[in-house]
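**Q** The structure file work_1.cif (mmCIF, C-alpha atoms) is provided below.
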data_final
#
loop_
_atom_site.group_PDB
_atom_site.id
_atom_site.type_symbol
_atom_site.label_atom_id
_atom_site.label_comp_id
_atom_site.auth_asym_id
_atom_site.auth_seq_id
_atom_site.Cartn_x
_atom_site.Cartn_y
_atom_site.Cartn_z
ATOM 1 C CA MET I 1472 0.000 0.000 0.000
ATOM 2 C CA LYS I 1473 2.828 2.352 0.892
ATOM 3 C CA LYS I 1474 4.337 2.010 -2.574
ATOM 4 C CA ARG I 1475 1.012 2.962 -4.199
ATOM 5 C CA LEU I 1476 0.574 6.132 -2.142
ATOM 6 C CA PRO I 1477 2.287 8.470 -4.675
ATOM 7 C CA HIS I 1478 0.014 7.204 -7.486
ATOM 8 C CA LEU I 1479 -3.054 7.552 -5.250
ATOM 9 C CA LEU I 1480 -2.108 11.132 -4.369
ATOM 10 C CA THR I 1481 -1.696 11.918 -8.061
ATOM 11 C CA ALA I 1482 -4.946 10.188 -9.021
ATOM 12 C CA VAL I 1483 -6.962 12.107 -6.435
ATOM 13 C CA ARG I 1484 -6.324 15.282 -8.458
ATOM 14 C CA PHE I 1485 -8.653 14.034 -11.228
ATOM 15 C CA PRO I 1486 -11.831 14.072 -9.073
ATOM 16 C CA LEU I 1487 -10.581 17.245 -7.382
ATOM 17 C CA ALA I 1488 -10.326 18.893 -10.827
ATOM 18 C CA LEU I 1489 -13.959 17.988 -11.434
ATOM 19 C CA CYS I 1490 -14.904 19.430 -8.041
ATOM 20 C CA LEU I 1491 -13.097 22.666 -8.938
ATOM 21 C CA LEU I 1492 -15.525 23.104 -11.836
ATOM 22 C CA ALA I 1493 -18.477 23.427 -9.443
ATOM 23 C CA ALA I 1494 -16.907 24.697 -6.208
ATOM 24 C CA PRO I 1495 -18.283 27.962 -4.795
ATOM 25 C CA MET I 1496 -15.890 30.899 -5.122
ATOM 26 C CA PRO I 1497 -13.583 31.828 -3.509
ATOM 27 C CA ARG I 1498 -13.253 29.932 -0.204
ATOM 28 C CA CYS I 1499 -14.261 26.410 -1.281
ATOM 29 C CA PHE I 1500 -12.532 26.734 -4.648
ATOM 30 C CA LEU I 1501 -9.253 27.916 -3.110
ATOM 31 C CA THR I 1502 -9.387 25.212 -0.426
ATOM 32 C CA LEU I 1503 -9.782 22.485 -3.068
ATOM 33 C CA TYR I 1504 -7.129 24.139 -5.185
ATOM 34 C CA LEU I 1505 -4.740 24.264 -2.227
ATOM 35 C CA PHE I 1506 -5.328 20.542 -1.694
ATOM 36 C CA CYS I 1507 -4.540 19.912 -5.386
ATOM 37 C CA GLY I 1508 -1.255 21.758 -4.959
ATOM 38 C CA LEU I 1509 -0.337 19.816 -1.830
ATOM 39 C CA THR I 1510 -1.000 16.467 -3.498
ATOM 40 C CA ASP I 1511 1.131 17.606 -6.448
ATOM 41 C CA LEU I 1512 4.033 18.389 -4.125
ATOM 42 C CA LEU I 1513 3.674 15.240 -2.047
ATOM 43 C CA ASP I 1514 3.295 12.666 -4.829
ATOM 44 C CA GLY I 1515 6.714 13.272 -6.369
ATOM 45 C CA PHE I 1516 8.406 13.709 -2.998
ATOM 46 C CA LEU I 1517 7.002 10.408 -1.742
ATOM 47 C CA ALA I 1518 7.773 8.590 -4.998
ATOM 48 C CA ARG I 1519 11.428 9.610 -4.702
ATOM 49 C CA ARG I 1520 11.529 8.890 -0.965
ATOM 50 C CA LEU I 1521 9.964 5.435 -1.371
ATOM 51 C CA GLY I 1522 12.004 4.624 -4.478
ATOM 52 C CA VAL I 1523 8.954 4.089 -6.681
ATOM 53 C CA CYS I 1524 9.543 6.721 -9.381
ATOM 54 C CA SER I 1525 8.320 5.519 -12.762
ATOM 55 C CA VAL I 1526 7.536 6.656 -16.273
ATOM 56 C CA PHE I 1527 3.898 5.835 -15.504
ATOM 57 C CA GLY I 1528 4.004 8.060 -12.405
ATOM 58 C CA ALA I 1529 5.489 10.945 -14.398
ATOM 59 C CA ALA I 1530 2.816 10.559 -17.092
ATOM 60 C CA LEU I 1531 0.031 10.324 -14.504
ATOM 61 C CA ASP I 1532 1.363 13.458 -12.798
ATOM 62 C CA SER I 1533 1.416 15.371 -16.105
ATOM 63 C CA ALA I 1534 -2.145 14.259 -16.900
ATOM 64 C CA ALA I 1535 -3.362 15.268 -13.422
ATOM 65 C CA ASP I 1536 -1.641 18.657 -13.783
ATOM 66 C CA LEU I 1537 -3.355 19.118 -17.140
ATOM 67 C CA ALA I 1538 -6.763 18.262 -15.648
ATOM 68 C CA VAL I 1539 -6.350 20.758 -12.794
ATOM 69 C CA THR I 1540 -5.044 23.426 -15.176
ATOM 70 C CA ALA I 1541 -8.022 22.916 -17.508
ATOM 71 C CA ALA I 1542 -10.443 23.298 -14.578
ATOM 72 C CA LEU I 1543 -8.549 26.378 -13.441
ATOM 73 C CA VAL I 1544 -8.715 28.016 -16.864
ATOM 74 C CA TRP I 1545 -12.407 27.171 -17.225
ATOM 75 C CA ARG I 1546 -13.319 28.721 -13.872
ATOM 76 C CA LEU I 1547 -10.984 31.732 -13.823
ATOM 77 C CA TRP I 1548 -11.119 32.870 -17.446
ATOM 78 C CA PRO I 1549 -14.234 35.031 -16.997
ATOM 79 C CA MET I 1550 -12.831 36.552 -13.812
ATOM 80 C CA ALA I 1551 -9.397 37.218 -15.308
ATOM 81 C CA ALA I 1552 -10.888 38.818 -18.453
ATOM 82 C CA PRO I 1553 -7.523 38.627 -20.247
ATOM 83 C CA GLY I 1554 -8.442 40.475 -23.446
ATOM 84 C CA PRO I 1555 -7.397 39.544 -26.987
ATOM 85 C CA TRP I 1556 -3.610 39.879 -26.777
ATOM 86 C CA LEU I 1557 -3.297 37.879 -23.545
ATOM 87 C CA THR I 1558 -5.703 35.303 -24.977
ATOM 88 C CA ALA I 1559 -3.464 34.979 -28.032
ATOM 89 C CA TRP I 1560 -0.441 34.587 -25.736
ATOM 90 C CA VAL I 1561 -2.190 31.836 -23.732
ATOM 91 C CA LEU I 1562 -3.074 30.009 -26.955
ATOM 92 C CA ALA I 1563 0.489 30.356 -28.260
ATOM 93 C CA VAL I 1564 1.929 28.853 -25.065
ATOM 94 C CA ALA I 1565 -0.611 26.007 -25.212
ATOM 95 C CA ALA I 1566 0.315 25.364 -28.857
ATOM 96 C CA LEU I 1567 4.036 25.272 -28.028
ATOM 97 C CA ARG I 1568 3.374 22.782 -25.209
ATOM 98 C CA LEU I 1569 1.294 20.635 -27.547
ATOM 99 C CA PHE I 1570 3.990 20.725 -30.253
ATOM 100 C CA ALA I 1571 6.614 19.686 -27.683
ATOM 101 C CA ALA I 1572 4.447 16.779 -26.505
ATOM 102 C CA LEU I 1573 3.792 15.741 -30.110
ATOM 103 C CA ALA I 1574 7.512 15.905 -30.872
ATOM 104 C CA ALA I 1575 8.161 13.588 -27.915
ATOM 105 C CA TRP I 1576 5.484 11.199 -29.126
ATOM 106 C CA LEU I 1577 6.768 11.163 -32.710
ATOM 107 C CA ARG I 1578 10.433 10.820 -31.722
ATOM 108 C CA PHE I 1579 10.261 8.612 -28.620
ATOM 109 C CA GLY I 1580 6.757 7.149 -28.453
ATOM 110 C CA HIS I 1581 5.946 9.097 -25.278
ATOM 111 C CA PHE I 1582 3.282 11.795 -25.216
ATOM 112 C CA GLY I 1583 4.083 13.844 -22.151
ATOM 113 C CA PHE I 1584 5.584 16.903 -20.600
ATOM 114 C CA LEU I 1585 8.994 17.400 -19.032
ATOM 115 C CA HIS I 1586 9.688 18.254 -15.410
ATOM 116 C CA THR I 1587 12.299 20.951 -16.080
ATOM 117 C CA TRP I 1588 13.152 23.696 -13.634
ATOM 118 C CA SER I 1589 11.520 26.265 -15.919
ATOM 119 C CA SER I 1590 8.387 24.119 -16.079
ATOM 120 C CA LYS I 1591 8.324 23.884 -12.288
ATOM 121 C CA THR I 1592 8.819 27.653 -11.990
ATOM 122 C CA ALA I 1593 5.956 28.307 -14.406
ATOM 123 C CA GLY I 1594 3.865 25.773 -12.477
ATOM 124 C CA VAL I 1595 4.475 27.522 -9.148
ATOM 125 C CA LEU I 1596 3.563 30.898 -10.640
ATOM 126 C CA LEU I 1597 0.448 29.417 -12.218
ATOM 127 C CA TRP I 1598 -0.428 27.814 -8.891
ATOM 128 C CA LEU I 1599 -0.150 31.179 -7.100
ATOM 129 C CA TYR I 1600 -2.163 33.081 -9.707
ATOM 130 C CA PRO I 1601 -5.691 32.200 -8.449
ATOM 131 C CA PHE I 1602 -4.809 33.532 -5.006
ATOM 132 C CA PHE I 1603 -3.647 36.851 -6.501
ATOM 133 C CA LEU I 1604 -6.732 37.036 -8.699
ATOM 134 C CA MET I 1605 -9.377 36.079 -6.135
ATOM 135 C CA LEU I 1606 -7.996 37.492 -2.921
ATOM 136 C CA ALA I 1607 -6.322 40.675 -4.165
ATOM 137 C CA GLN I 1608 -8.135 41.173 -7.511
ATOM 138 C CA LEU I 1609 -4.734 41.528 -9.214
ATOM 139 C CA ARG I 1610 -4.631 40.687 -12.892
ATOM 140 C CA TRP I 1611 -1.016 41.606 -13.734
ATOM 141 C CA PRO I 1612 0.472 38.366 -12.305
ATOM 142 C CA LEU I 1613 -0.979 36.618 -15.372
ATOM 143 C CA ILE I 1614 1.725 38.342 -17.433
ATOM 144 C CA CYS I 1615 4.396 36.869 -15.131
ATOM 145 C CA VAL I 1616 2.814 33.425 -15.467
ATOM 146 C CA LEU I 1617 2.713 33.712 -19.256
ATOM 147 C CA ALA I 1618 6.320 34.931 -19.479
ATOM 148 C CA ALA I 1619 7.551 31.980 -17.399
ATOM 149 C CA ALA I 1620 5.295 29.559 -19.302
ATOM 150 C CA SER I 1621 6.621 30.877 -22.630
ATOM 151 C CA VAL I 1622 10.244 30.287 -21.615
ATOM 152 C CA SER I 1623 9.330 26.850 -20.294
ATOM 153 C CA ALA I 1624 7.384 25.847 -23.420
ATOM 154 C CA LEU I 1625 10.169 27.016 -25.749
ATOM 155 C CA GLU I 1626 12.757 25.168 -23.679
ATOM 156 C CA GLU I 1627 10.661 21.988 -23.687
ATOM 157 C CA LEU I 1628 10.198 22.139 -27.453
ATOM 158 C CA ALA I 1629 13.953 22.658 -27.932
ATOM 159 C CA ILE I 1630 14.723 19.714 -25.637
ATOM 160 C CA GLN I 1631 12.287 17.416 -27.443
ATOM 161 C CA CYS I 1632 13.807 18.376 -30.795
ATOM 162 C CA ARG I 1633 17.417 17.890 -29.637
ATOM 163 C CA ALA I 1634 17.150 14.968 -27.200
ATOM 164 C CA VAL I 1635 18.398 11.517 -28.122
ATOM 165 C CA ARG I 1636 15.927 9.715 -25.809
ATOM 166 C CA TRP I 1637 12.838 10.368 -23.686
ATOM 167 C CA GLU I 1638 13.812 11.997 -20.375
ATOM 168 C CA PRO I 1639 10.785 13.273 -18.446
ATOM 169 C CA ASP I 1640 12.961 14.462 -15.553
ATOM 170 C CA ARG I 1641 15.494 16.426 -17.550
ATOM 171 C CA ARG I 1642 16.181 19.587 -15.546
ATOM 172 C CA SER I 1643 16.931 22.002 -18.378
ATOM 173 C CA LEU I 1644 18.057 22.392 -21.954
ATOM 174 C CA TRP I 1645 21.658 22.490 -20.685
ATOM 175 C CA ASP I 1646 21.298 19.386 -18.501
ATOM 176 C CA MET I 1647 23.314 16.789 -20.359
ATOM 177 C CA PRO I 1648 22.284 13.130 -20.070
ATOM 178 C CA GLY I 1649 24.429 11.263 -17.545
ATOM 179 C CA GLN I 1650 25.242 14.394 -15.514
ATOM 180 C CA ARG I 1651 22.553 14.050 -12.886
ATOM 181 C CA ALA I 1652 23.109 14.721 -9.229
ATOM 182 C CA PRO I 1653 22.751 11.751 -6.844
ATOM 183 C CA GLY I 1654 19.099 10.945 -6.338
ATOM 184 C CA GLN I 1655 18.170 12.470 -9.699
ATOM 185 C CA GLU I 1656 18.474 9.272 -11.727
ATOM 186 C CA LYS I 1657 16.195 8.698 -14.674
ATOM 187 C CA ARG I 1658 12.819 7.194 -13.786
ATOM 188 C CA VAL I 1659 12.290 3.567 -14.719
#
I need this file expressed as structure tokens, please.
**A**
Amino acid sequence: MKKRLPHLLTAVRFPLALCLLAAPMPRCFLTLYLFCGLTDLLDGFLARRLGVCSVFGAALDSAADLAVTAALVWRLWPMAAPGPWLTAWVLAVAALRLFAALAAWLRFGHFGFLHTWSSKTAGVLLWLYPFFLMLAQLRWPLICVLAAASVSALEELAIQCRAVRWEPDRRSLWDMPGQRAPGQEKRV
């Protein structure tokens, strides 16, 4: 049971994403969203700690992140009211991410997203955005999220085009295969 805990924590984000679609704003929504973020942090930490990291776990995590992000966009889009140029920017970042995932699928047979440092940075900023929007009615942090997401998406596309094999845990474009720190081995 202990070895399945990371997968269970990841999987719980799928029903939580559905709950986000109907949760009353802002208290219930932010509470559920906070729980989604905690499970996202804990699943990878526990997988590494328990020695159960896997390609399946990385793919499940990416799919759960996508589900929560889709629920987030659906619920917050009307509140954020991004306007045409920010909407175009969001769509461009989404297209770059999709192209990177398609490149991975065509080249390596894996449709997924990388866990680079820039991706994690963009993810943290995206995770903070609803709190800025709902609690402080600030809209400008969306520009910070999009800037970080743009860098991350471009880096991921470059990695997928240059890589010689599928590496979901590659840290950056400059992270050369075989130069991982202890504990950062490739998932099996």
**Q** Would you list the contacts of Leu1512 of chain I as a VMD selection string, taking every protein, DNA or RNA residue within 12 Å and counting all atoms listed in the file, but skipping same-chain residues closer than 4 positions in sequence?
**A** chain I and resid 1477 1480 to 1481 1484 1505 to 1508 1516 to 1519 1532 1536 1591 1594 to 1595 1598
**Q** Take the point (-13.9, 26.7, -14.0) in the file's coordinates, draw a sphere of radius 10 Å around it, and report as a list in words every protein, DNA or RNA residue with an atom inside or on it, counting only C-alpha atoms.
**A**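 Final list of nearby residues, as requested, is Ala1488, Leu1489, Cys1490, Leu1491, Leu1492, Ala1493, Ala1494, Phe1500, Val1539, Thr1540, Ala1541, Ala1542, Leu1543, Val1544, Trp1545, Arg1546, Leu1547, Trp1548, Pro1549 and Met1550 of chain I.
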**Q** Store the residues picked out above in a file with C-alpha atoms, as a tab-separated table (two decimals), keeping the file's coordinate frame.
**A**
chain	number	residue	atom	x	y	z
I	1488	ALA	CA	-10.33	18.89	-10.83
I	1489	LEU	CA	-13.96	17.99	-11.43
I	1490	CYS	CA	-14.90	19.43	-8.04
I	1491	LEU	CA	-13.10	22.67	-8.94
I	1492	LEU	CA	-15.52	23.10	-11.84
I	1493	ALA	CA	-18.48	23.43	-9.44
I	1494	ALA	CA	-16.91	24.70	-6.21
I	1500	PHE	CA	-12.53	26.73	-4.65
I	1539	VAL	CA	-6.35	20.76	-12.79
I	1540	THR	CA	-5.04	23.43	-15.18
I	1541	ALA	CA	-8.02	22.92	-17.51
I	1542	ALA	CA	-10.44	23.30	-14.58
I	1543	LEU	CA	-8.55	26.38	-13.44
I	1544	VAL	CA	-8.72	28.02	-16.86
I	1545	TRP	CA	-12.41	27.17	-17.23
I	1546	ARG	CA	-13.32	28.72	-13.87
I	1547	LEU	CA	-10.98	31.73	-13.82
I	1548	TRP	CA	-11.12	32.87	-17.45
I	1549	PRO	CA	-14.23	35.03	-17.00
I	1550	MET	CA	-12.83	36.55	-13.81
**Q** Taking only C-alpha atoms into account, which of I:Trp1576, I:Lys1474, I:Pro1601, I:Ile1630 comes nearest Ser1525 of chain I?
**A** I:Lys1474
**Q** From the set I:Ala1629, I:Ser1590, I:Val1483, I:Leu1597, which residue has the shortest atom-to-atom contact distance to Leu1509 of chain I, counting all atoms listed in the file?
**A** I:Val1483
**Q** Can you work out the spacing between atom CA of Gln1608 of chain I and atom CA of Ala1551 of chain I in Å, to one decimal?
**A**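 Between these atoms lies a distance of 8.8 Å.
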**Q** Interatomic distance between atom CA of Ser1533 of chain I and atom CA of Gly1583 of chain I?
**A** 6.8 Å
